[in-house]
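Structure file coords.txt (compact mmCIF, C-alpha atoms) is printed below.
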# COMPACT_ATOMS: atom_id res chain seq x y z
CA MET A 1 -6.25 13.35 -2.69
CA LYS A 2 -7.55 16.89 -2.49
CA SER A 3 -6.74 19.16 0.45
CA PHE A 4 -8.37 22.34 1.55
CA CYS A 5 -7.44 24.62 4.42
CA LEU A 6 -8.92 27.87 5.71
CA PHE A 7 -6.73 30.32 7.64
CA LYS A 8 -7.68 33.37 9.71
CA VAL A 9 -5.46 36.42 10.27
CA SER A 10 -6.37 38.41 13.37
CA ALA A 11 -4.87 41.81 14.11
CA PHE A 12 -5.03 42.45 17.84
CA GLY A 13 -7.72 45.08 18.38
CA GLY A 14 -8.27 45.23 14.64
CA ASN A 15 -9.90 43.36 11.79
CA GLN A 16 -9.88 39.68 10.78
CA ILE A 17 -9.20 38.34 7.32
CA GLU A 18 -9.71 34.80 6.03
CA PHE A 19 -7.87 33.15 3.20
CA SER A 20 -7.98 29.64 1.75
CA CYS A 21 -5.46 27.19 0.32
CA ARG A 22 -6.20 24.20 -1.84
CA GLY A 23 -4.17 21.61 -3.62
CA GLU A 24 -4.24 18.08 -4.91
CA ALA A 25 -1.72 15.35 -4.22
CA ASP A 26 -0.75 13.11 -7.12
CA GLY A 27 0.47 9.58 -6.48
CA TYR A 28 3.57 8.12 -8.04
CA ASP A 29 3.55 6.89 -11.58
CA VAL A 30 4.99 3.41 -11.18
CA GLU A 31 4.35 0.31 -13.26
CA LEU A 32 5.62 -3.19 -13.80
CA SER A 33 7.00 -3.88 -17.26
CA ALA A 34 4.63 -6.86 -17.61
CA LYS A 35 1.37 -7.96 -16.05
CA SER A 36 1.98 -11.53 -16.97
CA VAL A 37 5.24 -13.48 -17.20
CA HIS A 38 5.09 -16.83 -18.92
CA PHE A 39 8.02 -19.17 -18.40
CA GLY A 40 6.86 -21.59 -21.05
CA GLU A 41 7.45 -25.30 -20.84
CA VAL A 42 10.39 -26.25 -18.66
CA GLN A 43 11.78 -29.70 -18.01
CA ALA A 44 11.58 -30.91 -14.40
CA GLU A 45 14.50 -29.83 -12.18
CA GLN A 46 15.65 -27.30 -14.78
CA THR A 47 15.45 -23.55 -14.33
CA THR A 48 14.58 -20.67 -16.55
CA ASN A 49 14.69 -16.92 -16.00
CA ARG A 50 12.63 -13.94 -17.05
CA LEU A 51 13.17 -10.24 -16.53
CA LEU A 52 10.72 -7.91 -14.90
CA ASN A 53 11.23 -4.17 -14.46
CA VAL A 54 9.73 -1.91 -11.85
CA VAL A 55 9.49 1.36 -13.76
CA ASN A 56 9.30 4.64 -11.85
CA ASN A 57 8.11 7.47 -14.12
CA SER A 58 7.94 9.93 -11.21
CA ASP A 59 10.34 12.68 -10.20
CA LEU A 60 10.97 11.21 -6.75
CA PRO A 61 12.42 7.87 -5.64
CA THR A 62 9.91 5.28 -4.55
CA SER A 63 10.08 2.07 -2.57
CA PHE A 64 8.49 -1.21 -3.60
CA GLN A 65 7.96 -4.63 -2.07
CA PHE A 66 6.84 -7.87 -3.66
CA PHE A 67 4.68 -10.15 -1.52
CA THR A 68 6.59 -13.35 -2.14
CA ASP A 69 9.20 -15.60 -0.58
CA LYS A 70 12.68 -15.53 -2.05
CA ASN A 71 12.85 -19.35 -1.94
CA ASN A 72 9.75 -19.88 -3.98
CA LEU A 73 9.11 -21.93 -7.08
CA PHE A 74 9.10 -18.56 -8.79
CA SER A 75 11.94 -16.81 -6.99
CA PHE A 76 12.69 -13.09 -7.25
CA SER A 77 16.28 -11.80 -7.28
CA VAL A 78 15.05 -8.73 -5.41
CA THR A 79 11.83 -8.59 -3.42
CA GLU A 80 12.12 -5.05 -2.10
CA GLY A 81 14.04 -1.88 -2.83
CA VAL A 82 14.00 1.71 -3.98
CA VAL A 83 13.67 2.81 -7.61
CA LYS A 84 15.32 6.11 -8.50
CA PRO A 85 13.30 8.86 -10.21
CA GLN A 86 12.68 8.31 -13.94
CA SER A 87 14.43 4.98 -13.66
CA SER A 88 13.73 1.29 -13.37
CA GLN A 89 14.80 -1.64 -11.23
CA ARG A 90 15.55 -4.89 -13.00
CA ILE A 91 14.36 -8.08 -11.33
CA ILE A 92 15.21 -11.59 -12.41
CA ILE A 93 12.51 -14.17 -11.75
CA THR A 94 13.69 -17.75 -11.72
CA TYR A 95 11.32 -20.63 -12.29
CA SER A 96 12.59 -23.92 -10.88
CA PRO A 97 9.91 -26.60 -11.11
CA GLN A 98 10.63 -29.93 -9.47
CA GLN A 99 7.60 -31.88 -10.62
CA THR A 100 5.43 -31.95 -13.71
CA GLY A 101 2.34 -29.78 -13.78
CA ASN A 102 1.09 -26.30 -14.46
CA PHE A 103 2.10 -23.58 -12.04
CA TYR A 104 0.49 -20.24 -11.54
CA GLU A 105 0.90 -17.53 -8.97
CA ARG A 106 -0.21 -13.91 -8.74
CA VAL A 107 2.45 -11.90 -6.95
CA PHE A 108 1.45 -8.52 -5.54
CA CYS A 109 3.74 -5.53 -5.39
CA LEU A 110 3.23 -2.70 -2.94
CA VAL A 111 4.55 0.71 -3.94
CA ARG A 112 4.56 3.67 -1.60
CA ASN A 113 1.81 6.18 -2.42
CA HIS A 114 0.60 4.03 -5.26
CA LYS A 115 -2.10 1.50 -5.94
CA VAL A 116 -1.33 -2.21 -5.67
CA LEU A 117 0.48 -3.72 -8.65
CA PHE A 118 0.60 -7.37 -9.55
CA VAL A 119 2.22 -9.79 -11.94
CA ASP A 120 0.87 -13.18 -12.97
CA LEU A 121 3.53 -15.89 -13.17
CA LEU A 122 2.86 -19.00 -15.20
CA GLY A 123 4.89 -22.01 -16.09
CA THR A 124 4.48 -25.59 -17.20
CA CYS A 125 6.77 -28.39 -16.15
CA TYR A 126 7.20 -31.64 -18.08
CA ASP A 127 9.38 -34.72 -18.01
CA VAL A 128 9.93 -37.68 -20.31
CA LEU A 129 6.71 -39.40 -19.22
CA THR A 130 4.33 -36.54 -18.58
CA LYS A 131 3.69 -33.45 -20.65
CA PRO A 132 0.72 -31.47 -19.34
CA VAL A 133 -1.38 -29.22 -21.56
CA PRO A 134 0.27 -25.81 -21.03
CA LEU A 135 -1.61 -23.28 -18.96
CA SER A 136 -1.90 -19.85 -20.56
CA GLN A 137 -2.80 -16.41 -19.29
CA ARG A 138 -6.03 -16.69 -21.22
CA HIS A 139 -7.11 -19.60 -19.01
CA VAL A 140 -6.26 -17.65 -15.88
CA ASP A 141 -8.13 -14.56 -17.11
CA ALA A 142 -11.15 -16.63 -18.07
CA TYR A 143 -11.19 -18.39 -14.70
CA ARG A 144 -10.83 -15.10 -12.80
CA HIS A 145 -13.57 -13.59 -14.92
CA ARG A 146 -15.85 -16.47 -13.98
CA VAL A 147 -15.08 -15.97 -10.30
CA ILE A 148 -15.74 -12.23 -10.54
CA MET A 149 -19.01 -12.80 -12.38
CA GLY A 150 -20.11 -15.36 -9.78
CA ALA A 151 -20.53 -18.06 -12.44
CA HIS A 152 -17.82 -20.14 -10.83
CA ARG A 153 -19.74 -21.19 -7.69
CA LYS A 154 -22.91 -21.61 -9.66
CA ALA A 155 -21.15 -24.10 -11.91
CA GLN A 156 -19.83 -25.96 -8.86
CA ILE A 157 -23.29 -26.30 -7.35
CA GLN A 158 -24.72 -27.52 -10.65
CA SER A 159 -21.96 -30.04 -11.16
CA LYS A 160 -22.58 -31.52 -7.72
CA ASP A 161 -25.78 -32.95 -9.14
CA LEU A 162 -24.02 -34.49 -12.10
CA GLU A 163 -22.51 -37.79 -11.12
CA GLY A 164 -19.06 -38.46 -12.48
CA ALA A 165 -18.72 -34.96 -13.85
CA ASP A 166 -15.12 -34.54 -14.94
CA ASP A 167 -13.79 -31.05 -14.59
CA SER A 168 -10.57 -29.17 -13.90
CA LEU A 169 -9.42 -25.61 -13.59
CA ILE A 170 -8.52 -25.43 -17.26
CA ASP A 171 -11.80 -27.09 -18.31
CA SER A 172 -13.64 -24.78 -15.99
CA ALA A 173 -11.91 -21.76 -17.54
CA LEU A 174 -12.51 -23.04 -21.06
CA ASP A 175 -16.23 -23.17 -20.45
CA VAL A 176 -16.18 -19.40 -20.76
CA ASP A 177 -16.22 -18.04 -24.26
CA LEU A 178 -12.56 -17.19 -24.72
CA HIS A 179 -13.35 -14.71 -27.44
CA LEU A 180 -15.35 -12.71 -24.97
CA GLU A 181 -13.77 -9.43 -23.99
CA ILE A 182 -12.74 -9.86 -20.38
CA PRO A 183 -12.69 -6.54 -18.53
CA ILE A 184 -10.05 -7.34 -15.93
CA ASP A 185 -7.16 -5.27 -17.26
CA ASP A 186 -7.48 -2.87 -14.39
CA PRO A 187 -9.14 -4.76 -11.56
CA ASN A 188 -10.77 -3.00 -8.68
CA GLN A 189 -8.25 -2.08 -5.97
CA VAL A 190 -10.54 -3.35 -3.21
CA VAL A 191 -10.68 -6.75 -4.91
CA LEU A 192 -6.89 -6.76 -5.27
CA HIS A 193 -6.37 -5.87 -1.61
CA LYS A 194 -8.82 -8.55 -0.51
CA GLU A 195 -7.04 -11.17 -2.58
CA MET A 196 -3.62 -10.02 -1.39
CA LEU A 197 -4.58 -10.23 2.28
CA LEU A 198 -6.74 -13.35 2.01
CA SER A 199 -5.51 -15.92 4.49
CA SER A 200 -4.83 -19.50 3.40
CA ALA A 201 -7.30 -20.54 6.07
CA ALA A 202 -10.06 -18.18 4.88
CA GLN A 203 -13.49 -19.82 4.61
CA ASN A 204 -14.12 -18.44 1.12
CA ARG A 205 -11.08 -20.11 -0.42
CA ASP A 206 -11.73 -22.95 -2.84
CA ILE A 207 -8.64 -24.73 -1.58
CA ARG A 208 -8.37 -24.02 2.09
CA LEU A 209 -5.80 -24.90 4.74
CA SER A 210 -6.71 -25.49 8.38
CA GLU A 211 -3.78 -23.37 9.56
CA ASP A 212 -2.19 -20.26 8.23
CA PHE A 213 0.95 -20.65 10.29
CA ILE A 214 2.52 -23.59 12.10
CA ASN A 215 4.92 -22.85 14.91
CA PHE A 216 7.13 -25.71 16.10
CA ASN A 217 8.63 -23.67 18.93
CA PHE A 218 11.91 -25.13 20.30
CA THR A 219 13.18 -28.32 18.73
CA GLU A 220 16.51 -29.95 19.56
CA ASN A 221 19.11 -29.83 16.79
CA GLY A 222 18.96 -32.92 14.58
CA ARG A 223 15.81 -34.27 16.27
CA ILE A 224 12.46 -34.61 14.55
CA SER A 225 9.78 -32.52 16.13
CA GLU A 226 6.36 -33.76 17.08
CA ALA A 227 4.30 -34.02 13.88
CA ARG A 228 1.69 -31.34 13.33
CA GLN A 229 -1.44 -31.84 11.31
CA LEU A 230 -2.46 -29.62 8.45
CA THR A 231 -5.80 -30.24 6.81
CA LEU A 232 -6.39 -29.23 3.22
CA GLU A 233 -9.96 -28.85 2.06
CA ASN A 234 -10.85 -29.10 -1.61
CA LYS A 235 -14.12 -27.31 -2.32
CA PHE A 236 -13.86 -27.78 -6.07
CA SER A 237 -16.18 -30.16 -7.86
CA PHE A 238 -13.20 -32.00 -9.29
CA PRO A 239 -10.26 -33.80 -7.63
CA ILE A 240 -7.00 -31.96 -7.15
CA THR A 241 -3.48 -33.29 -6.83
CA VAL A 242 -1.42 -31.69 -4.08
CA ASN A 243 2.37 -31.62 -4.42
CA TRP A 244 4.38 -30.26 -1.54
CA THR A 245 7.64 -28.91 -2.96
CA LEU A 246 10.04 -27.75 -0.29
CA LEU A 247 13.07 -26.29 -1.98
CA PRO A 248 16.57 -26.78 -0.53
CA VAL A 249 17.81 -23.99 1.72
CA VAL A 250 21.25 -22.49 2.28
CA ASN A 251 23.08 -23.54 5.44
CA LYS A 252 24.41 -20.22 6.71
CA THR A 253 27.45 -21.86 8.38
CA THR A 254 28.68 -23.88 5.43
CA GLY A 255 27.08 -21.82 2.66
CA LYS A 256 25.89 -25.03 0.99
CA LEU A 257 22.42 -26.01 -0.10
CA VAL A 258 20.86 -28.47 2.33
CA LYS A 259 17.56 -30.28 2.59
CA ASN A 260 14.67 -28.17 3.77
CA PRO A 261 14.23 -28.62 7.56
CA PHE A 262 10.46 -28.85 7.11
CA LYS A 263 8.77 -31.90 5.67
CA MET A 264 5.21 -32.61 4.53
CA LEU A 265 3.85 -36.14 4.49
CA PRO A 266 2.66 -37.44 2.14
CA ALA A 267 4.48 -35.24 -0.37
CA GLN A 268 1.89 -35.96 -3.02
CA LYS A 269 -1.79 -36.74 -2.65
CA GLU A 270 -4.90 -36.61 -4.75
CA ILE A 271 -7.82 -35.13 -2.85
CA ALA A 272 -11.25 -36.01 -4.12
CA ALA A 273 -13.87 -33.41 -4.98
CA ASN A 274 -15.49 -31.69 -2.00
CA SER A 275 -13.36 -33.48 0.55
CA SER A 276 -10.39 -32.86 2.76
CA PHE A 277 -7.20 -34.58 3.77
CA SER A 278 -4.83 -34.17 6.71
CA PHE A 279 -1.12 -33.91 6.03
CA GLU A 280 1.60 -34.26 8.62
CA CYS A 281 4.24 -31.63 8.96
CA ASP A 282 7.65 -32.33 10.58
CA PHE A 283 10.52 -30.10 11.50
CA THR A 284 14.15 -31.22 11.78
CA PRO A 285 16.52 -28.31 12.45
CA PHE A 286 20.07 -28.70 11.13
CA GLU A 287 21.71 -25.90 13.05
CA VAL A 288 21.73 -24.86 16.71
CA ASP A 289 20.63 -21.43 17.93
CA SER A 290 18.83 -20.63 14.69
CA TYR A 291 15.44 -19.61 13.54
CA PHE A 292 13.86 -21.40 10.60
CA PHE A 293 11.07 -20.06 8.43
CA MET B 1 5.91 64.19 34.74
CA THR B 2 4.57 61.52 32.34
CA VAL B 3 1.27 61.64 30.54
CA SER B 4 -0.04 58.44 28.98
CA PHE B 5 -2.87 57.73 26.58
CA CYS B 6 -4.89 54.54 26.28
CA THR B 7 -8.10 54.14 24.32
CA ASP B 8 -10.38 51.29 23.30
CA GLU B 9 -12.22 53.26 20.68
CA ALA B 10 -11.35 54.83 17.39
CA LYS B 11 -12.06 58.50 18.09
CA VAL B 12 -10.51 61.92 18.57
CA ILE B 13 -10.02 62.92 22.16
CA ILE B 14 -9.21 66.43 23.32
CA ALA B 15 -8.55 67.12 26.98
CA SER B 16 -7.16 69.91 29.14
CA ALA B 17 -5.16 69.61 32.28
CA VAL B 18 -4.96 72.50 34.74
CA ILE B 19 -1.76 72.74 36.72
CA LEU B 20 -1.91 74.78 39.92
CA VAL B 21 1.36 76.17 41.25
CA SER B 22 1.35 77.97 44.63
CA GLU B 23 4.11 79.90 46.33
CA GLY B 24 3.14 81.31 49.70
CA SER B 25 -0.17 83.11 49.24
CA THR B 26 0.31 83.40 45.47
CA GLU B 27 -1.40 80.84 43.32
CA LEU B 28 -0.75 80.38 39.62
CA SER B 29 -2.61 78.19 37.19
CA LYS B 30 -1.46 76.81 33.85
CA VAL B 31 -3.63 74.98 31.32
CA LEU B 32 -2.13 72.14 29.31
CA LYS B 33 -4.08 71.16 26.22
CA MET B 34 -3.78 67.53 25.04
CA SER B 35 -5.20 65.79 22.03
CA ALA B 36 -4.97 62.28 20.67
CA ILE B 37 -6.60 60.09 18.00
CA GLY B 38 -7.55 56.50 18.78
CA LYS B 39 -7.19 54.22 15.72
CA TYR B 40 -7.94 50.58 14.99
CA PRO B 41 -5.29 48.62 13.14
CA PHE B 42 -6.43 47.44 9.71
CA MET B 43 -4.75 44.61 7.85
CA THR B 44 -5.13 43.65 4.22
CA LEU B 45 -4.06 40.67 2.13
CA ASP B 46 -3.04 40.86 -1.50
CA GLN B 47 -4.67 37.45 -2.22
CA LYS B 48 -7.53 35.64 -0.55
CA SER B 49 -7.14 32.19 -2.10
CA PHE B 50 -4.17 30.09 -3.06
CA ASP B 51 -4.38 27.23 -5.51
CA PHE B 52 -1.39 24.91 -5.41
CA GLY B 53 -2.69 22.74 -8.23
CA ASN B 54 -1.46 19.16 -8.52
CA LEU B 55 1.69 18.09 -6.75
CA LEU B 56 3.50 14.77 -6.45
CA VAL B 57 3.32 13.24 -2.96
CA GLY B 58 6.50 14.09 -1.06
CA LYS B 59 7.16 17.34 -2.90
CA THR B 60 6.62 20.79 -1.43
CA ALA B 61 5.25 23.87 -3.17
CA SER B 62 5.33 27.40 -1.73
CA GLN B 63 3.51 30.62 -2.48
CA VAL B 64 4.29 34.05 -1.09
CA PHE B 65 1.66 36.49 0.04
CA SER B 66 1.78 40.02 1.48
CA LEU B 67 0.05 41.05 4.65
CA GLN B 68 -0.21 44.82 4.86
CA ASN B 69 -1.00 47.06 7.77
CA ALA B 70 -3.07 49.80 6.15
CA SER B 71 -3.49 51.78 9.37
CA LEU B 72 -1.23 54.37 10.93
CA VAL B 73 -0.66 52.34 14.05
CA PRO B 74 1.58 49.33 14.47
CA THR B 75 -0.13 46.05 15.35
CA LYS B 76 0.54 42.50 16.38
CA TYR B 77 -1.19 39.71 14.50
CA ALA B 78 -1.79 35.95 14.62
CA ILE B 79 -2.52 33.44 11.85
CA GLU B 80 -4.49 30.34 12.77
CA LYS B 81 -6.12 27.45 10.94
CA VAL B 82 -9.89 27.54 10.92
CA ASN B 83 -10.23 24.08 9.38
CA ASP B 84 -7.87 21.68 7.72
CA ASP B 85 -8.99 18.75 5.63
CA GLY B 86 -5.70 17.17 4.84
CA LYS B 87 -3.33 18.72 7.41
CA ASP B 88 -1.04 19.38 4.51
CA PHE B 89 -0.71 23.16 4.71
CA ALA B 90 1.66 25.09 6.93
CA ILE B 91 2.60 28.75 7.30

Can you present the structure in this file as structure tokens?
Amino acid sequence: MKSFCLFKVSAFGGNQIEFSCRGEADGYDVELSAKSVHFGEVQAEQTTNRLLNVVNNSDLPTSFQFFTDKNNLFSFSVTEGVVKPQSSQRIIITYSPQQTGNFYERVFCLVRNHKVLFVDLLGTCYDVLTKPVPLSQRHVDAYRHRVIMGAHRKAQIQSKDLEGADDSLIDSALDVDLHLEIPIDDPNQVVLHKEMLLSSAAQNRDIRLSEDFINFNFTENGRISEARQLTLENKFSFPITVNWTLLPVVNKTTGKLVKNPFKMLPAQKEIAANSSFSFECDFTPFEVDSYFF
Amino acid sequence: MTVSFCTDEAKVIIASAVILVSEGSTELSKVLKMSAIGKYPFMTLDQKSFDFGNLLVGKTASQVFSLQNASLVPTKYAIEKVNDDGKDFAI
């Protein structure tokens, strides 16, 4: 940002002189060591790790924060911190899939006095019976490109007219010429901010939840709370399979991993194209005088 | 006896004061000539613009400038901001 300031010197009973100051502020030079981290094909209930560095090429320390939960399918060893000048912070990302499928998440990183950074995380999970076609960054880029170009919705509207049209995210992405040069290396910051702050309940989401946040208020220890409904709307022109994976959490008293106090029912459900389904969410706290998130 | 001088103009002033001293019937007069020059203060700066170039956010850069009183009289002065785009400058 550029700054300009005009000053006036007044001598009492005498003359006045004006002088100006100008300068330009430079943001920090911070980057992530990778824009995309691929975990490859991992067997169900196994884990694999990848390294990601937050590199600070500036002369001053800077703080960063990743917009993700620590207990995620892709979990970060560090989600926030300070990187020293001309240094880097090493982060271990652990991928622990529980069920077969392709997994993708874009995680945003906020850096002070810097534009928004992001990293795409991809992984495929298989077991003895099921081995999905691996998802690659190319598919994600192609799909995003389609969305940016507006071709995505157009295709959905067209396919509504075609009875029995079989489609999927990968198919949808593959429709785009993959040899095409996709100009999304440095996406617009406004677009990135919009995506980062887009609520799960936003109307323009293709897969939309009815609630962004469910609060169970007070629930007696060990008792099951009153079930709350959460409706998931699939606006895609193809069916989607929803898997609710609630990872075990650490009991702070015993230090052991215990079952997640929240539960989604049914845990797995296929939702037809352009339809919605209501899930039930329960809460069973395992510790008194505690907050659960 | 104190004589003071105060002017609001830059000019040369010459004045005479007649002092009458009387003792009985004898009267004596004395003339006191006074002169003074009224002057405006005049300040100058060695630089009228300061370019700080590019600077990393959080860092501070300084530049020194000289404010000179080119007149023969001492003066008080004040420096104030006329406008400030970024509120980033301070004196």

Give me the residues of chain A that have any atom at most 8 Å from an atom of chain B; for each, the nearest atom pair and the distance in Å, rounded to one decimal. Use only C-alpha atoms, sort by chain and number, and format it as JSON lines.
{"residue": "A:Lys2", "atom": "CA", "partner": "B:Gly86", "partner_atom": "CA", "distance": 7.6}
{"residue": "A:Ser3", "atom": "CA", "partner": "B:Gly86", "partner_atom": "CA", "distance": 4.9}
{"residue": "A:Phe4", "atom": "CA", "partner": "B:Asp85", "partner_atom": "CA", "distance": 5.5}
{"residue": "A:Cys5", "atom": "CA", "partner": "B:Asp84", "partner_atom": "CA", "distance": 4.4}
{"residue": "A:Leu6", "atom": "CA", "partner": "B:Val82", "partner_atom": "CA", "distance": 5.3}
{"residue": "A:Phe7", "atom": "CA", "partner": "B:Lys81", "partner_atom": "CA", "distance": 4.4}
{"residue": "A:Lys8", "atom": "CA", "partner": "B:Glu80", "partner_atom": "CA", "distance": 5.4}
{"residue": "A:Val9", "atom": "CA", "partner": "B:Ile79", "partner_atom": "CA", "distance": 4.5}
{"residue": "A:Ser10", "atom": "CA", "partner": "B:Ala78", "partner_atom": "CA", "distance": 5.3}
{"residue": "A:Ala11", "atom": "CA", "partner": "B:Tyr77", "partner_atom": "CA", "distance": 4.3}
{"residue": "A:Phe12", "atom": "CA", "partner": "B:Lys76", "partner_atom": "CA", "distance": 5.8}
{"residue": "A:Gly13", "atom": "CA", "partner": "B:Tyr40", "partner_atom": "CA", "distance": 6.5}
{"residue": "A:Gly14", "atom": "CA", "partner": "B:Pro41", "partner_atom": "CA", "distance": 4.8}
{"residue": "A:Asn15", "atom": "CA", "partner": "B:Phe42", "partner_atom": "CA", "distance": 5.7}
{"residue": "A:Gln16", "atom": "CA", "partner": "B:Met43", "partner_atom": "CA", "distance": 7.7}
{"residue": "A:Ile17", "atom": "CA", "partner": "B:Thr44", "partner_atom": "CA", "distance": 7.4}
{"residue": "A:Glu18", "atom": "CA", "partner": "B:Lys48", "partner_atom": "CA", "distance": 7.0}
{"residue": "A:Phe19", "atom": "CA", "partner": "B:Lys48", "partner_atom": "CA", "distance": 4.5}
{"residue": "A:Ser20", "atom": "CA", "partner": "B:Ser49", "partner_atom": "CA", "distance": 4.7}
{"residue": "A:Cys21", "atom": "CA", "partner": "B:Phe50", "partner_atom": "CA", "distance": 4.6}
{"residue": "A:Arg22", "atom": "CA", "partner": "B:Asp51", "partner_atom": "CA", "distance": 5.1}
{"residue": "A:Gly23", "atom": "CA", "partner": "B:Phe52", "partner_atom": "CA", "distance": 4.7}
{"residue": "A:Glu24", "atom": "CA", "partner": "B:Asn54", "partner_atom": "CA", "distance": 4.7}
{"residue": "A:Ala25", "atom": "CA", "partner": "B:Leu55", "partner_atom": "CA", "distance": 5.1}
{"residue": "A:Asp26", "atom": "CA", "partner": "B:Leu56", "partner_atom": "CA", "distance": 4.6}
{"residue": "A:Gly27", "atom": "CA", "partner": "B:Val57", "partner_atom": "CA", "distance": 5.8}
{"residue": "A:Tyr28", "atom": "CA", "partner": "B:Leu56", "partner_atom": "CA", "distance": 6.8}
{"residue": "A:Leu60", "atom": "CA", "partner": "B:Gly58", "partner_atom": "CA", "distance": 7.8}
{"residue": "A:Asn113", "atom": "CA", "partner": "B:Val57", "partner_atom": "CA", "distance": 7.2}

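Across the structure, CA of Ala44 (chain A) and CA of Ser96 (chain A) are spaced 7.9 Å apart.
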
note = Students should find that CA of Val37 (chain A) and CA of Leu52 (chain A) are spaced 8.1 Å

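Proximity to Thr48 (chain A) was assessed for A:Thr94, A:Asn251, A:Ser275, A:Ser136 counting all atoms listed in the file; the smallest distance is recorded for A:Thr94.
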
query = Within 8 Å of Val18 (chain B), counting only C-alpha atoms, which residues qualify if same-chain residues fewer than 2 places away don't, as a list of chain:residue names?
reply = B:Ser16, B:Leu20, B:Ser29, B:Lys30, B:Val31, B:Leu32

task = Between CA of Val82 (chain A) and CA of His38 (chain A), measure the distance and give it in Å to one decimal.
result =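 Result for CA of Val82 (chain A) versus CA of His38 (chain A): 25.4 Å, one decimal.
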
message = Within 12 Å of (17.1, -15.4, 9.0) (file coordinates; only C-alpha atoms), which protein or nucleic acid residues are there? I'd like them as a list in words.
response =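 It turns out the residues near that spot are Lys70, Val249, Val250, Asn251, Lys252, Asp289, Ser290, Tyr291, Phe292 and Phe293 of chain A.
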
Who sits within 9 Å of Met34 (chain B), all atoms listed in the file, same chain under 2 positions skipped, as a VMD selection string = chain B and resid 13 to 17 32 36

ask   = Taking all atoms listed in the file into account, which of A:Tyr104, A:Cys109, A:Leu121, A:His114 comes nearest Ser36 (chain A)?
value =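 Counting all atoms listed in the file, the residue closest to Ser36 (chain A) is A:Leu121.
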
Distance criterion (only C-alpha atoms): nearest to Pro248 (chain A) out of A:Val111, A:Ser58, A:Gln46, A:Leu73 =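 Among the listed residues, A:Leu73 lies closest to Pro248 (chain A).
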
message = Please list as a ChimeraX atom specification every residue within 8 Å of Glu211 (chain A), counting only C-alpha atoms and excluding residues in the same chain fewer than 6 positions away.
response = /A:200-201,230-231

message = So that I can check the surroundings of Gly40 (chain A), please list as a list of chain:residue names every protein, DNA and RNA residue that reaches within 8 Å of it, counting all atoms listed in the file and ignoring chain neighbours fewer than 4 positions away.
response = A:Leu122, A:Gly123, A:Thr124, A:Pro134

ask   = With all atoms listed in the file as the basis for distance, which of A:Ser237, A:Gln99, A:Thr219, A:Gln203 is at the shortest distance from Val288 (chain A)?
value = A:Thr219

Which residues come within 12 Å of Val83 (chain A), counting all atoms listed in the file, excluding same-chain residues fewer than 4 positions away, as a tab-separated table (two decimals) with C-alpha atoms, keeping the file's coordinate frame?
chain	number	residue	atom	x	y	z
A	28	TYR	CA	3.57	8.12	-8.04
A	29	ASP	CA	3.55	6.89	-11.58
A	30	VAL	CA	4.99	3.41	-11.18
A	31	GLU	CA	4.35	0.31	-13.26
A	32	LEU	CA	5.62	-3.19	-13.80
A	53	ASN	CA	11.23	-4.17	-14.46
A	54	VAL	CA	9.73	-1.91	-11.85
A	55	VAL	CA	9.49	1.36	-13.76
A	56	ASN	CA	9.30	4.64	-11.85
A	57	ASN	CA	8.11	7.47	-14.12
A	58	SER	CA	7.94	9.93	-11.21
A	59	ASP	CA	10.34	12.68	-10.20
A	60	LEU	CA	10.97	11.21	-6.75
A	61	PRO	CA	12.42	7.87	-5.64
A	62	THR	CA	9.91	5.28	-4.55
A	63	SER	CA	10.08	2.07	-2.57
A	64	PHE	CA	8.49	-1.21	-3.60
A	65	GLN	CA	7.96	-4.63	-2.07
A	78	VAL	CA	15.05	-8.73	-5.41
A	87	SER	CA	14.43	4.98	-13.66
A	88	SER	CA	13.73	1.29	-13.37
A	89	GLN	CA	14.80	-1.64	-11.23
A	90	ARG	CA	15.55	-4.89	-13.00
A	91	ILE	CA	14.36	-8.08	-11.33
A	111	VAL	CA	4.55	0.71	-3.94
A	112	ARG	CA	4.56	3.67	-1.60

Region 48-67 of chain B, all listed atoms, 6 Å padding on each side: what axis-aligned box centre and edge lengths in Å to one decimal come out, as AutoDock Vina command-line options?
--center_x -0.2 --center_y 27.1 --center_z -1.9 --size_x 26.7 --size_y 39.8 --size_z 25.2

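Closest to Leu232 (chain A) among A:Thr47, A:Ser210, A:Gln189, A:Asn71 is A:Ser210, based on all atoms listed in the file.
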